[in-house]
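Visitor: Before anything else, here's the structure in question.
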Amino acid sequence: MATSIFLSHPFSPLLSKKHHKIPSPKQTIAIAYHSTNKPTTKTPFLPFPTSFFPFPSNPRKEFWPISVGRTQTDEKDEILVVGEDSAEFELSKQKISSWVYFTGILGVVLYVLNVVWIDNSTGFGKSFIDSVSSISDSPEIVMLSLTLIFAIVHSGLASLRDKGEELIGERAFRVLFAGVSLPLAVSTIVYFINHRYDGAQLWQLNGIAGIHELVWISNFISFFFLYPSTFNLLEVAAVDKPKMHLWETGIMRITRHPQLVGQVIWCLAHTLWIGNSVAVAASVGLIGHHLFGAWNGDRRLAIRYGEAFEVVKNRTSIIPFAAILDGRQKLPEDYYKEFIRLPYLSITALTLGAYFLHPVMQAASYRLHW
């Protein structure tokens, strides 16, 4: 779980003799309120555990976040967002030097990946594929095995994140995580592209009118279900210190596990189009991996954020729109604005670009003979 926690936020000075001690970060729900009948001069709160929040008599409730993100106040419903704002990108806060570092790191990573893994004359990618392929002559078994290997490594390292970061630091662990996961992901994707029509044909629907459009639209929508941490490119590249985030706005209002939902949509669309046993095997492996990832992600966030995560969990859902329909999630009137942001505009452009570059991507994959 492609990431920053904005911890600081000013609040009004103490206005009452009746105080409430702030719990530790793992226990806090990040809920506090104060009277607005007094002057609104704001000062930064003191470090844990010496800070206190006032509880004046008969206050008009106004909410401020303590430890996990910004607050959005609705005067009618008094809705408090305790998690972070998904896909938020403020140009004024960006540093040119950070993006220069990012560009340099990206170039180095792609070069090393090509030399060490992709290039058949120098890399280990083909040897890895050949080793897995020796398990069985069945492309379905090989496809499932590649997916399983990636899932074990990816989810296993994610589970070890807390301990790993304690031992070697956040940035070093991110480099290790990406350095191991990325080659395995590339191998799995390339094998799928090269062997997706090798299996037994189960159905043939591509000739039916409207199927191509349905698959295209489904595939396009699936990319909007990326987990918000994916957008934090500077953390992904370890330019900024990677953090584990508790997101709540944007796509998280629809589903708490957008990556799982997006993967299900993508798998169903491609399986419908391809219609053979290799596509089914790939879908079973990928959906299974993301189901485990959803459970594991909730477990890790509960450990990291405690009661604050329980608040987010109680008003979100795994099944899309379920929390909205049963009233646990209240959408603000300007909810659509949470998607009119640079990360989602970029995803739109990249998804369209990838569609038109499909022939180039397939040709590059075929040349590897994996």
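Order determines the names: the first chain of the structure tokens is A, the second B, and so forth; residues in each chain are numbered 1 upward, and ligands are numbered 1 upward as they are shown.
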Under the rule of at most 10 Å, produce a per-residue listing of range 160-221 of chain A near range 286-304 of chain A: chain, number, name, the closest pair of atoms, and the distance in Å, as a Markdown table, using only C-alpha atoms.

Guide:
```
| residue | atom | partner | partner_atom | distance |
| --- | --- | --- | --- | --- |
| A:Leu160 | CA | A:Arg300 | CA | 10.0 |
| A:Arg161 | CA | A:Arg300 | CA | 9.4 |
| A:Asp162 | CA | A:Arg300 | CA | 9.0 |
```

Visitor: Can you list, as number ranges by chain, every protein, DNA or RNA residue that comes within 8 Å of Arg315 in chain A when you count only C-alpha atoms, leaving out same-chain residues fewer than 6 positions away?

Guide: A: 323, 328-329

Visitor: What lies within 10 Å of Leu226 in chain A using only C-alpha atoms, ignoring chain neighbours under 6 positions off, as a ChimeraX atom specification?

Guide: /A:2,251,257-263,344,347

Visitor: Can I get the selection written as an mmCIF file, in the first residue's frame, with C-alpha atoms?

Guide:
```cif
data_model
loop_
_atom_site.group_PDB
_atom_site.id
_atom_site.type_symbol
_atom_site.label_atom_id
_atom_site.label_comp_id
_atom_site.auth_asym_id
_atom_site.auth_seq_id
_atom_site.Cartn_x
_atom_site.Cartn_y
_atom_site.Cartn_z
ATOM 1 C CA ALA A 2 1.471 2.305 -2.508
ATOM 2 C CA ILE A 251 -12.393 6.864 -3.828
ATOM 3 C CA HIS A 257 -10.215 -1.226 -0.766
ATOM 4 C CA PRO A 258 -10.242 0.370 -4.222
ATOM 5 C CA GLN A 259 -7.305 -1.710 -5.432
ATOM 6 C CA LEU A 260 -9.308 -4.904 -4.859
ATOM 7 C CA VAL A 261 -12.376 -3.510 -6.626
ATOM 8 C CA GLY A 262 -10.320 -2.189 -9.536
ATOM 9 C CA GLN A 263 -8.573 -5.535 -9.930
ATOM 10 C CA TYR A 344 -6.973 11.597 -11.593
ATOM 11 C CA ILE A 347 -4.623 8.689 -14.726
#
```

Visitor: For a test of reading the model, state the distance in Å between CA of Gly207 in chain A and CA of Val264 in chain A, rounded to one decimal.

Guide: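 One can read the CA of Gly207 in chain A to CA of Val264 in chain A distance as 23.1 Å.
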
Visitor: Per DSSP on the backbone, filter range 55-253 of chain A down to the residues in strand (DSSP E or B) and report them as an NGL selection string.

Guide: :A and (63 or 84 or 201 or 247)

Visitor: Would you mind exporting all heavy atoms of the selected residues as a PDB file, in the first residue's frame?

Guide:
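This is the output file part22.pdb:
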```pdb
ATOM      1  N   PHE A  63     -15.039  20.820  14.585  1.00  0.00           N
ATOM      2  CA  PHE A  63     -14.108  19.708  14.714  1.00  0.00           C
ATOM      3  C   PHE A  63     -12.756  20.043  14.124  1.00  0.00           C
ATOM      4  O   PHE A  63     -12.650  20.682  13.101  1.00  0.00           O
ATOM      5  CB  PHE A  63     -14.673  18.466  14.021  1.00  0.00           C
ATOM      6  CG  PHE A  63     -15.931  17.973  14.663  1.00  0.00           C
ATOM      7  CD1 PHE A  63     -17.162  18.418  14.224  1.00  0.00           C
ATOM      8  CD2 PHE A  63     -15.890  17.091  15.730  1.00  0.00           C
ATOM      9  CE1 PHE A  63     -18.326  17.965  14.817  1.00  0.00           C
ATOM     10  CE2 PHE A  63     -17.055  16.638  16.312  1.00  0.00           C
ATOM     11  CZ  PHE A  63     -18.272  17.082  15.856  1.00  0.00           C
ATOM     12  N   GLU A  84      -6.935  10.909   5.984  1.00  0.00           N
ATOM     13  CA  GLU A  84      -6.302  11.902   5.121  1.00  0.00           C
ATOM     14  C   GLU A  84      -7.090  12.113   3.830  1.00  0.00           C
ATOM     15  O   GLU A  84      -7.900  11.284   3.438  1.00  0.00           O
ATOM     16  CB  GLU A  84      -4.876  11.458   4.787  1.00  0.00           C
ATOM     17  CG  GLU A  84      -3.957  11.426   5.982  1.00  0.00           C
ATOM     18  CD  GLU A  84      -2.562  11.021   5.597  1.00  0.00           C
ATOM     19  OE1 GLU A  84      -1.930  11.738   4.801  1.00  0.00           O
ATOM     20  OE2 GLU A  84      -2.108   9.974   6.066  1.00  0.00           O
ATOM     21  N   GLN A 201     -10.111 -22.594 -24.953  1.00  0.00           N
ATOM     22  CA  GLN A 201     -11.138 -21.567 -25.157  1.00  0.00           C
ATOM     23  C   GLN A 201     -12.438 -22.001 -24.491  1.00  0.00           C
ATOM     24  O   GLN A 201     -12.962 -23.075 -24.761  1.00  0.00           O
ATOM     25  CB  GLN A 201     -11.362 -21.345 -26.649  1.00  0.00           C
ATOM     26  CG  GLN A 201     -12.062 -20.041 -26.986  1.00  0.00           C
ATOM     27  CD  GLN A 201     -11.215 -18.821 -26.675  1.00  0.00           C
ATOM     28  OE1 GLN A 201     -10.000 -18.850 -26.835  1.00  0.00           O
ATOM     29  NE2 GLN A 201     -11.855 -17.760 -26.207  1.00  0.00           N
ATOM     30  N   TRP A 247      -6.337   6.804   4.616  1.00  0.00           N
ATOM     31  CA  TRP A 247      -7.104   7.632   3.685  1.00  0.00           C
ATOM     32  C   TRP A 247      -8.594   7.519   3.988  1.00  0.00           C
ATOM     33  O   TRP A 247      -9.067   6.486   4.448  1.00  0.00           O
ATOM     34  CB  TRP A 247      -6.846   7.200   2.252  1.00  0.00           C
ATOM     35  CG  TRP A 247      -5.413   7.197   1.833  1.00  0.00           C
ATOM     36  CD1 TRP A 247      -4.621   6.108   1.593  1.00  0.00           C
ATOM     37  CD2 TRP A 247      -4.584   8.341   1.590  1.00  0.00           C
ATOM     38  NE1 TRP A 247      -3.362   6.500   1.214  1.00  0.00           N
ATOM     39  CE2 TRP A 247      -3.308   7.869   1.210  1.00  0.00           C
ATOM     40  CE3 TRP A 247      -4.800   9.724   1.665  1.00  0.00           C
ATOM     41  CZ2 TRP A 247      -2.262   8.725   0.906  1.00  0.00           C
ATOM     42  CZ3 TRP A 247      -3.756  10.567   1.360  1.00  0.00           C
ATOM     43  CH2 TRP A 247      -2.506  10.071   0.981  1.00  0.00           C
TER      44      TRP A 247
END
```

Visitor: Record the distance separating CA of Val360 in chain A and CA of Val190 in chain A, expressed in Å with one decimal.

Guide: 13.0 Å

Visitor: Measure the distance from CA of Leu202 in chain A to CA of Leu272 in chain A in Å and round it to one decimal.

Guide: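 Between CA of Leu202 in chain A and CA of Leu272 in chain A the gap is 9.9 Å.
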
Visitor: Select, from A:Gly327, A:Pro320, A:Pro359, A:Gly104, the residue with the minimum atom-to-atom distance to Ile254 in chain A, counting only C-alpha atoms.

Guide: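 Distance minimum relative to Ile254 in chain A lands on A:Pro320.
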
Visitor: Let me make sure I understand: among A:His358, A:His270, A:Lys243, A:Lys126, which one has the smallest atom-to-atom distance to Asn206 in chain A if we use only C-alpha atoms?

Guide: A:His270

Visitor: Between A:Ser277, A:Ser97, A:Thr249, A:Ser155, single out the one closest to Tyr336 in chain A, counting only C-alpha atoms.

Guide: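 Closest to Tyr336 in chain A, using only C-alpha atoms: A:Thr249.
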
Visitor: Give me the residues near Trp216 in chain A as a list in words, where near means some atom within 9 Å (using only C-alpha atoms) and where sequence neighbours in that chain fewer than 5 positions away do not count.

Guide: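 Contacts, with the query itself left out: Ile211, Ile221, Ala269 and Tyr355 of chain A.
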
Visitor: Those same residues, written as a PDB file, in the first residue's frame with N, CA and C atoms?

Guide:
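Saved file selection08.pdb follows:
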```pdb
ATOM      1  N   ILE A 211     -19.592  -5.664 -26.896  1.00  0.00           N
ATOM      2  CA  ILE A 211     -18.676  -6.292 -25.941  1.00  0.00           C
ATOM      3  C   ILE A 211     -17.355  -5.516 -25.868  1.00  0.00           C
ATOM      4  N   ILE A 221     -12.403   2.337 -16.275  1.00  0.00           N
ATOM      5  CA  ILE A 221     -12.885   2.644 -14.923  1.00  0.00           C
ATOM      6  C   ILE A 221     -11.990   2.001 -13.860  1.00  0.00           C
ATOM      7  N   ALA A 269     -13.270  -7.985 -16.935  1.00  0.00           N
ATOM      8  CA  ALA A 269     -13.318  -7.439 -18.295  1.00  0.00           C
ATOM      9  C   ALA A 269     -12.417  -8.232 -19.237  1.00  0.00           C
ATOM     10  N   TYR A 355      -3.924   2.675 -23.943  1.00  0.00           N
ATOM     11  CA  TYR A 355      -4.816   2.007 -24.898  1.00  0.00           C
ATOM     12  C   TYR A 355      -4.274   2.144 -26.325  1.00  0.00           C
TER      13      TYR A 355
END
```

Visitor: Using only C-alpha atoms, I'd like a table of the residues in range 190-242 of chain A that come within 9 Å of range 128-145 of chain A; for each, show the closest atom pair and its distance in Å rounded to one decimal, ordered by chain and ascending number, as a Markdown table.

Guide:
```
| residue | atom | partner | partner_atom | distance |
| --- | --- | --- | --- | --- |
| A:Tyr191 | CA | A:Met143 | CA | 7.3 |
| A:Phe192 | CA | A:Met143 | CA | 6.9 |
| A:His195 | CA | A:Pro139 | CA | 7.1 |
| A:Arg196 | CA | A:Pro139 | CA | 8.7 |
| A:Asp198 | CA | A:Pro139 | CA | 6.9 |
| A:Gly199 | CA | A:Pro139 | CA | 6.7 |
```

Visitor: Restricting it to N, CA, C and O atoms, dump the selection as an mmCIF file, in the first residue's frame.

Guide:
```cif
data_model
loop_
_atom_site.group_PDB
_atom_site.id
_atom_site.type_symbol
_atom_site.label_atom_id
_atom_site.label_comp_id
_atom_site.auth_asym_id
_atom_site.auth_seq_id
_atom_site.Cartn_x
_atom_site.Cartn_y
_atom_site.Cartn_z
ATOM 1 N N TYR A 191 4.438 -12.556 -19.084
ATOM 2 C CA TYR A 191 3.990 -13.932 -19.359
ATOM 3 C C TYR A 191 2.513 -13.948 -19.738
ATOM 4 O O TYR A 191 2.109 -14.672 -20.653
ATOM 5 N N PHE A 192 1.707 -13.149 -19.043
ATOM 6 C CA PHE A 192 0.281 -13.099 -19.356
ATOM 7 C C PHE A 192 0.054 -12.585 -20.779
ATOM 8 O O PHE A 192 -0.751 -13.138 -21.542
ATOM 9 N N HIS A 195 1.120 -15.301 -23.331
ATOM 10 C CA HIS A 195 0.460 -16.616 -23.290
ATOM 11 C C HIS A 195 -1.043 -16.530 -23.042
ATOM 12 O O HIS A 195 -1.679 -17.555 -22.762
ATOM 13 N N ARG A 196 -1.608 -15.350 -23.171
ATOM 14 C CA ARG A 196 -3.016 -15.189 -22.796
ATOM 15 C C ARG A 196 -3.959 -15.956 -23.717
ATOM 16 O O ARG A 196 -5.107 -16.231 -23.347
ATOM 17 N N ASP A 198 -3.113 -19.024 -25.032
ATOM 18 C CA ASP A 198 -2.615 -20.403 -25.108
ATOM 19 C C ASP A 198 -3.560 -21.422 -24.483
ATOM 20 O O ASP A 198 -3.456 -22.613 -24.754
ATOM 21 N N GLY A 199 -4.440 -20.988 -23.623
ATOM 22 C CA GLY A 199 -5.281 -21.922 -22.895
ATOM 23 C C GLY A 199 -6.468 -22.429 -23.694
ATOM 24 O O GLY A 199 -6.668 -22.085 -24.865
#
```

Visitor: Between A:Thr316, A:Thr348, A:Val239, A:Val278, which is the closest to Ile105 in chain A once you count only C-alpha atoms?

Guide: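 Looking at the shortest contact to Ile105 in chain A, the residue is A:Val239.
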